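Student: What follows is a single structure, and I will ask about it in a moment.
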Amino acid sequence: MPDSQPPHRTPPPQPLFTVTADTLVIVDLDRRAPEPPPHSYRRLLSLPGARAFTAGNLLARLPMGMFSVSAVVMIAGARGSYALAGSVTATGLAVTALLAPWTARLVDRYGQSRVAVPATLFAALGSLALLLCVRYDAPDWTLFAAYAATATTPNTGGMSRARWNHLLAGDPAALHTANSFEQAVDELCFMLGPVVAAFLCGTFFPEAGTLVGVVLLVTGILTFAAQRTTEPPPHPRPTAASPLRSRALPPLLAVCLALGAVFGATEVATIAFADEHGHPTAAGLALALQAAGSCAAGLAYGAIRPSAPASRRHPWCVAAMTALLTLPLLAATVLDSLPLLAVALLLSGTATAPTMVTTMALIQERTPVARLNEGMTLAVTGLLGGIACGSATAGWLTEHASPATALTVPLTAATTALLISLTVARPRRRGGVSPVT
C-alpha cells in the first residue's frame, strides 16, 4: 500500500522585488518547464510507476503474437503436417477461450501479482513441454496437451487497462487516452510478433521463436507484477454478480464476437488472395499494413479529447469500420489487384483501433470494478471465438468459391456489429435512474 501522506513538495520560488532609483523591478525566479497537456501521452506516462508497468506489459504482450506462428513452424517442420500444426493451435485457442475468464476472475479476487506470476510460469512450462515433445518425437496427443497448458497465460492487456482504470478513476478523458495507447500497443504487438517469430525460426532453429517468447513473457510478467504501487486492490468477496448476468454487457460481447469474425476472415481471405496471385509472402506485408493503419489511428484517436460519451461514439466507429471494409472487397472483386488490396487494408485498418477503444471503454463503464479483469477478458474471449468462426467461414468460401468472395465475410460481420450497436448495445434507463455499472 502506498503511503497515504501527500508527498512533500518544495514551494515554488517567490518573485524577487527590488527598487532602483525610480523603478520597481520584479524578477520571477521560477523557470519550471511548461507542463504537457493534461491528456497527452507524455503526461500519461509521467504518472508514478506508469512507465515501469508499461514496459513490463509490452515485453509480456509481444509473445502473444509469436507463440502460434512459432508452434506452427516448429510442428510442421518436425512432423511434416500443417493440418496437425493447425489443429494443435486451434485447440489451444479454444482452451484459452474457456480458461481465460476464470483466470481473470482469480486476478480480480486475489490481485494481479499473486495470480499472474504462477499462471504465467505454468503456461511457460506448457510451451517448453511442447518444444520437448516436438523435438523428441512424442506422440501427437502430447502436443495437444502441452499447448493446452499455455491457456493459463493471463490477459496482460486487460491487466494493464485495469491499472489505468485504477490510476485515472474520475478522469474519463485521460482514460480514453490510456485505452487508445493500449490498443495501439495491441496492434504493434500483432504486427511485430509474427515477424519476429518467423525471423527467429527461419534464421536460427525452429524452436527459437518459442524459446525467446517464453523468456520475454516471463520477464515481462515479473517486471509488471513487481510494480505494486500501481496495482488495483483485490476484491476477495465481490458483491457484484458475474458480468454475464448483467443486461448491459452481453450485447457488447456479441459485438466483440462479430468484430473477431472481421479480423479472422480478413486474415484468411488475404492470405488466400495473395497465394492465388502467386505472391503468398505478400500477405504478411498486407496484414502488417492493416495493423500499422490501426496503430496510427489509435494514437491519433487517443490524442483527441472526446466530446461525446462512449455509448454515442460507438455506433459511429462501427459504421466507419463497416464503410471502409467495402474497400478491400472492391479491390479484390472489381479490380482484382493485390497491391490495391494492401492499400485498402491500410485504409480500412484506420477504423479498427477507434472501434476497439470505444468498445473497451463501454465494457469498462458497464463492468463492476470488482470484476473488471473478468469483464475485459470475456471481451477477449468473444474476439477469439469470432476469429475462429470468421476464419472457418472465410476458409470454406475460399475453397468453394474464391478468396475475393471470402472478403464478404468481414463486411457482413461488421454490418452485424453495427446493427447490434444501434439496437441493443446502449443500456436503457428505467425510472430516470442510470443503470449501475
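Ligands are numbered from 1 in the order shown, residues from 1 within each chain, and chains are lettered A, B, ... in the order they appear in the C-alpha cells.
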Using only C-alpha atoms, determine which residues lie at most 12 Å from A:His166, disregarding the query and same-chain residues fewer than 6 positions distant; provide the list as a PyMOL selection string.
Tutor: chain A and resi 50+159-160+172+174-175+178+229-234+364+369-370+372-373
Student: For A:Pro101, list every protein, DNA or RNA residue within 7 Å, evaluated using only C-alpha atoms, and leave out those in the same chain fewer than 4 positions away; present the list as JSON, numbers by chain.
Tutor: {"A": [105, 374, 377, 378]}
Student: Hey, can you spit out that residue selection with N, CA and C atoms as a short mmCIF file (atom, residue, chain, number, x, y, z; two decimals), in the first residue's frame?
Tutor:
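To be explicit, this is the file written out as part.cif:
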data_model
loop_
_atom_site.label_atom_id
_atom_site.label_comp_id
_atom_site.auth_asym_id
_atom_site.auth_seq_id
_atom_site.Cartn_x
_atom_site.Cartn_y
_atom_site.Cartn_z
N ARG A 105 -10.96 -13.93 -13.24
CA ARG A 105 -11.74 -13.85 -12.01
C ARG A 105 -10.83 -14.01 -10.79
N GLU A 374 -12.27 -9.67 -15.27
CA GLU A 374 -13.13 -10.71 -15.83
C GLU A 374 -13.92 -10.18 -17.01
N THR A 377 -11.66 -9.70 -20.02
CA THR A 377 -11.22 -10.99 -20.56
C THR A 377 -12.36 -11.68 -21.29
N LEU A 378 -13.60 -11.50 -20.83
CA LEU A 378 -14.73 -12.03 -21.58
C LEU A 378 -14.81 -11.39 -22.97
#
Student: Just want the 10 Å neighbourhood of stretch 132-134 of chain A, counted on only C-alpha atoms, with same-chain residues fewer than 3 positions away dropped. Output as a list in words.
Tutor: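 The contact residues come out as Ala71, Met74, Ile75, Ala76, Gly77, Ala78, Arg79, Gly126, Ser127, Leu128, Ala129, Asp137, Ala138, Pro139, Asp140, Trp141, Thr142, Leu143, Ala146 and Glu207 of chain A.
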Student: What separation in Å, quoted to one decimal, exists between atom CA of A:Ala283 and atom CA of A:Thr322?
Tutor: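 So the answer is 21.7 Å.
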Student: Could you build a table of the residues in stretch 81-174 of chain A lying no more than 10 Å from stretch 387-400 of chain A, giving for each the nearest pair of atoms and their separation in Å rounded to one decimal place, using only C-alpha atoms, ordered by chain and ascending residue number, as a tab-separated table?
Tutor:
residue	atom	partner	partner_atom	distance
A:Ala90	CA	A:Ala388	CA	8.1
A:Leu93	CA	A:Ala388	CA	8.4
A:Ala94	CA	A:Ala388	CA	8.7
Student: Nearest residue to A:Phe205 out of A:Ser70, A:Thr281, A:Thr266, A:Ser87, using only C-alpha atoms?
Tutor: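 Going through A:Ser70, A:Thr281, A:Thr266, A:Ser87 one by one, the smallest distance to A:Phe205 is for A:Ser70.
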Student: As an NGL selection string, please: every residue in stretch 68-273 of chain A that a backbone DSSP assignment puts in alpha helix (DSSP H).
Tutor: :A and (68-79 or 82-110 or 112-135 or 140-149 or 156-167 or 172-203 or 208-225 or 249-273)
Student: Determine, counting only C-alpha atoms, which protein, DNA and RNA residues have an atom within 10 Å of an atom of A:Asp186; residues of the same chain fewer than 4 positions away are not included. Present the result as a ChimeraX atom specification.
Tutor: /A:58,61-62,64-65,157,180-182,190-191,291,294-295,298,353
Student: Which residue gives the smallest distance to A:Ala404 among A:Ile271, A:Val95, A:Ala303, A:Leu211, with only C-alpha atoms counted?
Tutor: A:Ile271
Student: Compare A:Ser46, A:Thr210, A:Asn57, A:Thr270 by their minimum atom-to-atom distance to A:Pro403, counting only C-alpha atoms, and give me the closest one.
Tutor: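 Residue with the minimum atom-to-atom distance to A:Pro403: A:Thr270.
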Student: Taking into account only C-alpha atoms, which residue in the set A:Leu407, A:Ala119, A:Leu257, A:Leu362 is nearest to A:Pro309?
Tutor: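 Closest to A:Pro309, using only C-alpha atoms: A:Leu362.
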Student: Excluding stretch 411-420 of chain A and its own-chain neighbours fewer than 3 positions away, which residues fall within 9 Å of it when counting only C-alpha atoms? Please give them as a short mmCIF file (atom, residue, chain, number, x, y, z; two decimals) with N, CA and C atoms, in the first residue's frame.
Tutor:
data_model
loop_
_atom_site.label_atom_id
_atom_site.label_comp_id
_atom_site.auth_asym_id
_atom_site.auth_seq_id
_atom_site.Cartn_x
_atom_site.Cartn_y
_atom_site.Cartn_z
N PRO A 251 -24.67 -7.81 -24.87
CA PRO A 251 -24.69 -7.26 -26.24
C PRO A 251 -23.31 -6.80 -26.70
N LEU A 252 -22.51 -6.24 -25.79
CA LEU A 252 -21.17 -5.83 -26.18
C LEU A 252 -20.29 -7.04 -26.48
N ALA A 254 -21.42 -9.72 -27.83
CA ALA A 254 -21.85 -10.10 -29.18
C ALA A 254 -21.17 -9.23 -30.23
N VAL A 255 -20.98 -7.94 -29.91
CA VAL A 255 -20.24 -7.06 -30.81
C VAL A 255 -18.80 -7.55 -30.95
N CYS A 256 -18.18 -7.94 -29.83
CA CYS A 256 -16.81 -8.46 -29.88
C CYS A 256 -16.73 -9.73 -30.72
N LEU A 257 -17.74 -10.58 -30.62
CA LEU A 257 -17.78 -11.80 -31.43
C LEU A 257 -17.79 -11.44 -32.92
N ALA A 258 -18.61 -10.46 -33.29
CA ALA A 258 -18.69 -10.04 -34.69
C ALA A 258 -17.38 -9.38 -35.14
N LEU A 259 -16.78 -8.57 -34.28
CA LEU A 259 -15.52 -7.93 -34.64
C LEU A 259 -14.41 -8.96 -34.80
N GLY A 260 -14.41 -9.98 -33.94
CA GLY A 260 -13.43 -11.05 -34.10
C GLY A 260 -13.58 -11.76 -35.44
N ALA A 261 -14.82 -11.94 -35.88
CA ALA A 261 -15.06 -12.55 -37.19
C ALA A 261 -14.48 -11.68 -38.31
N VAL A 262 -14.54 -10.36 -38.13
CA VAL A 262 -13.92 -9.45 -39.12
C VAL A 262 -12.43 -9.74 -39.23
N HIS A 314 -19.80 4.89 -30.14
CA HIS A 314 -19.62 3.51 -30.58
C HIS A 314 -20.28 3.21 -31.92
N PRO A 315 -21.57 3.52 -32.13
CA PRO A 315 -22.16 3.21 -33.45
C PRO A 315 -21.45 3.91 -34.60
N TRP A 316 -20.97 5.13 -34.37
CA TRP A 316 -20.27 5.84 -35.44
C TRP A 316 -18.95 5.15 -35.79
N CYS A 317 -18.25 4.67 -34.77
CA CYS A 317 -16.98 3.96 -35.03
C CYS A 317 -17.21 2.67 -35.81
N VAL A 318 -18.23 1.90 -35.38
CA VAL A 318 -18.53 0.65 -36.09
C VAL A 318 -19.02 0.95 -37.51
N ALA A 319 -19.78 2.02 -37.68
CA ALA A 319 -20.24 2.39 -39.02
C ALA A 319 -19.06 2.75 -39.92
N MET A 321 -16.01 1.58 -39.64
CA MET A 321 -15.35 0.31 -39.97
C MET A 321 -16.10 -0.42 -41.09
N THR A 322 -17.43 -0.45 -40.98
CA THR A 322 -18.24 -1.14 -41.99
C THR A 322 -18.05 -0.49 -43.36
N ALA A 323 -18.06 0.83 -43.40
CA ALA A 323 -17.91 1.54 -44.68
C ALA A 323 -16.54 1.28 -45.29
N LEU A 324 -15.49 1.34 -44.47
CA LEU A 324 -14.14 1.17 -45.00
C LEU A 324 -13.86 -0.27 -45.42
N LEU A 325 -14.57 -1.24 -44.85
CA LEU A 325 -14.37 -2.64 -45.25
C LEU A 325 -14.90 -2.94 -46.65
N THR A 326 -15.63 -1.99 -47.24
CA THR A 326 -16.02 -2.18 -48.65
C THR A 326 -14.82 -2.01 -49.57
N LEU A 329 -12.99 -5.36 -50.35
CA LEU A 329 -13.87 -6.16 -51.19
C LEU A 329 -13.85 -5.66 -52.63
N GLY A 390 -14.87 -16.63 -37.97
CA GLY A 390 -14.57 -15.91 -39.20
C GLY A 390 -13.55 -16.64 -40.06
N LEU A 407 -13.99 -12.24 -48.85
CA LEU A 407 -13.92 -10.91 -48.27
C LEU A 407 -15.30 -10.31 -48.01
N THR A 408 -16.34 -11.00 -48.39
CA THR A 408 -17.68 -10.56 -47.99
C THR A 408 -17.95 -10.87 -46.52
N THR A 423 -29.01 -1.13 -31.96
CA THR A 423 -30.28 -1.58 -31.39
C THR A 423 -30.22 -1.89 -29.90
N VAL A 424 -29.21 -2.62 -29.46
CA VAL A 424 -29.25 -3.10 -28.08
C VAL A 424 -28.00 -2.81 -27.28
N ALA A 425 -26.96 -2.24 -27.85
CA ALA A 425 -25.72 -2.06 -27.09
C ALA A 425 -25.84 -0.98 -26.04
#
Student: For each of A:Leu335, A:Ala342, A:Leu98, A:Val115, take the minimum atom-to-atom distance to A:Ala225, counting only C-alpha atoms, then give the residue where this is smallest.
Tutor: A:Val115
Student: Would you mind telling me which residue in A:His279, A:His176, A:Arg43, A:Arg371 lies nearest to A:Val357 when using only C-alpha atoms?
Tutor: A:His176
Student: Could you pull the residues within 7 Å of A:Ala286, counting only C-alpha atoms, minus those fewer than 4 positions along the same chain, as a VMD selection string?
Tutor: chain A and resid 282 290 342 345
Student: With N, CA and C atoms kept, could you save the residues just selected as a PDB file, in the first residue's frame?
Tutor:
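For reference, part_13.pdb as written:
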ATOM      1  N   ALA A 282       3.466 -11.974 -49.729  1.00  0.00           N
ATOM      2  CA  ALA A 282       2.971 -10.597 -49.676  1.00  0.00           C
ATOM      3  C   ALA A 282       1.806 -10.447 -48.707  1.00  0.00           C
ATOM      4  N   GLN A 290      -2.331  -3.246 -42.527  1.00  0.00           N
ATOM      5  CA  GLN A 290      -3.604  -3.068 -41.829  1.00  0.00           C
ATOM      6  C   GLN A 290      -3.376  -2.764 -40.352  1.00  0.00           C
ATOM      7  N   ALA A 342      -3.730  -4.322 -50.575  1.00  0.00           N
ATOM      8  CA  ALA A 342      -2.888  -3.923 -49.446  1.00  0.00           C
ATOM      9  C   ALA A 342      -3.182  -2.479 -49.036  1.00  0.00           C
ATOM     10  N   LEU A 345      -6.493  -2.381 -47.266  1.00  0.00           N
ATOM     11  CA  LEU A 345      -6.388  -2.875 -45.885  1.00  0.00           C
ATOM     12  C   LEU A 345      -5.772  -1.816 -44.970  1.00  0.00           C
TER      13      LEU A 345
END
Student: Have a look at atom CA of A:Ala55 and atom CA of A:Gly349 and let me know their distance in Å, one decimal.
Tutor: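 Going from atom CA of A:Ala55 over to atom CA of A:Gly349, I get 25.3 Å.
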Student: Hey, can you check how far atom CA of A:Cys201 sits from atom CA of A:Leu59?
Tutor: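 Between atom CA of A:Cys201 and atom CA of A:Leu59 the gap is 18.9 Å.
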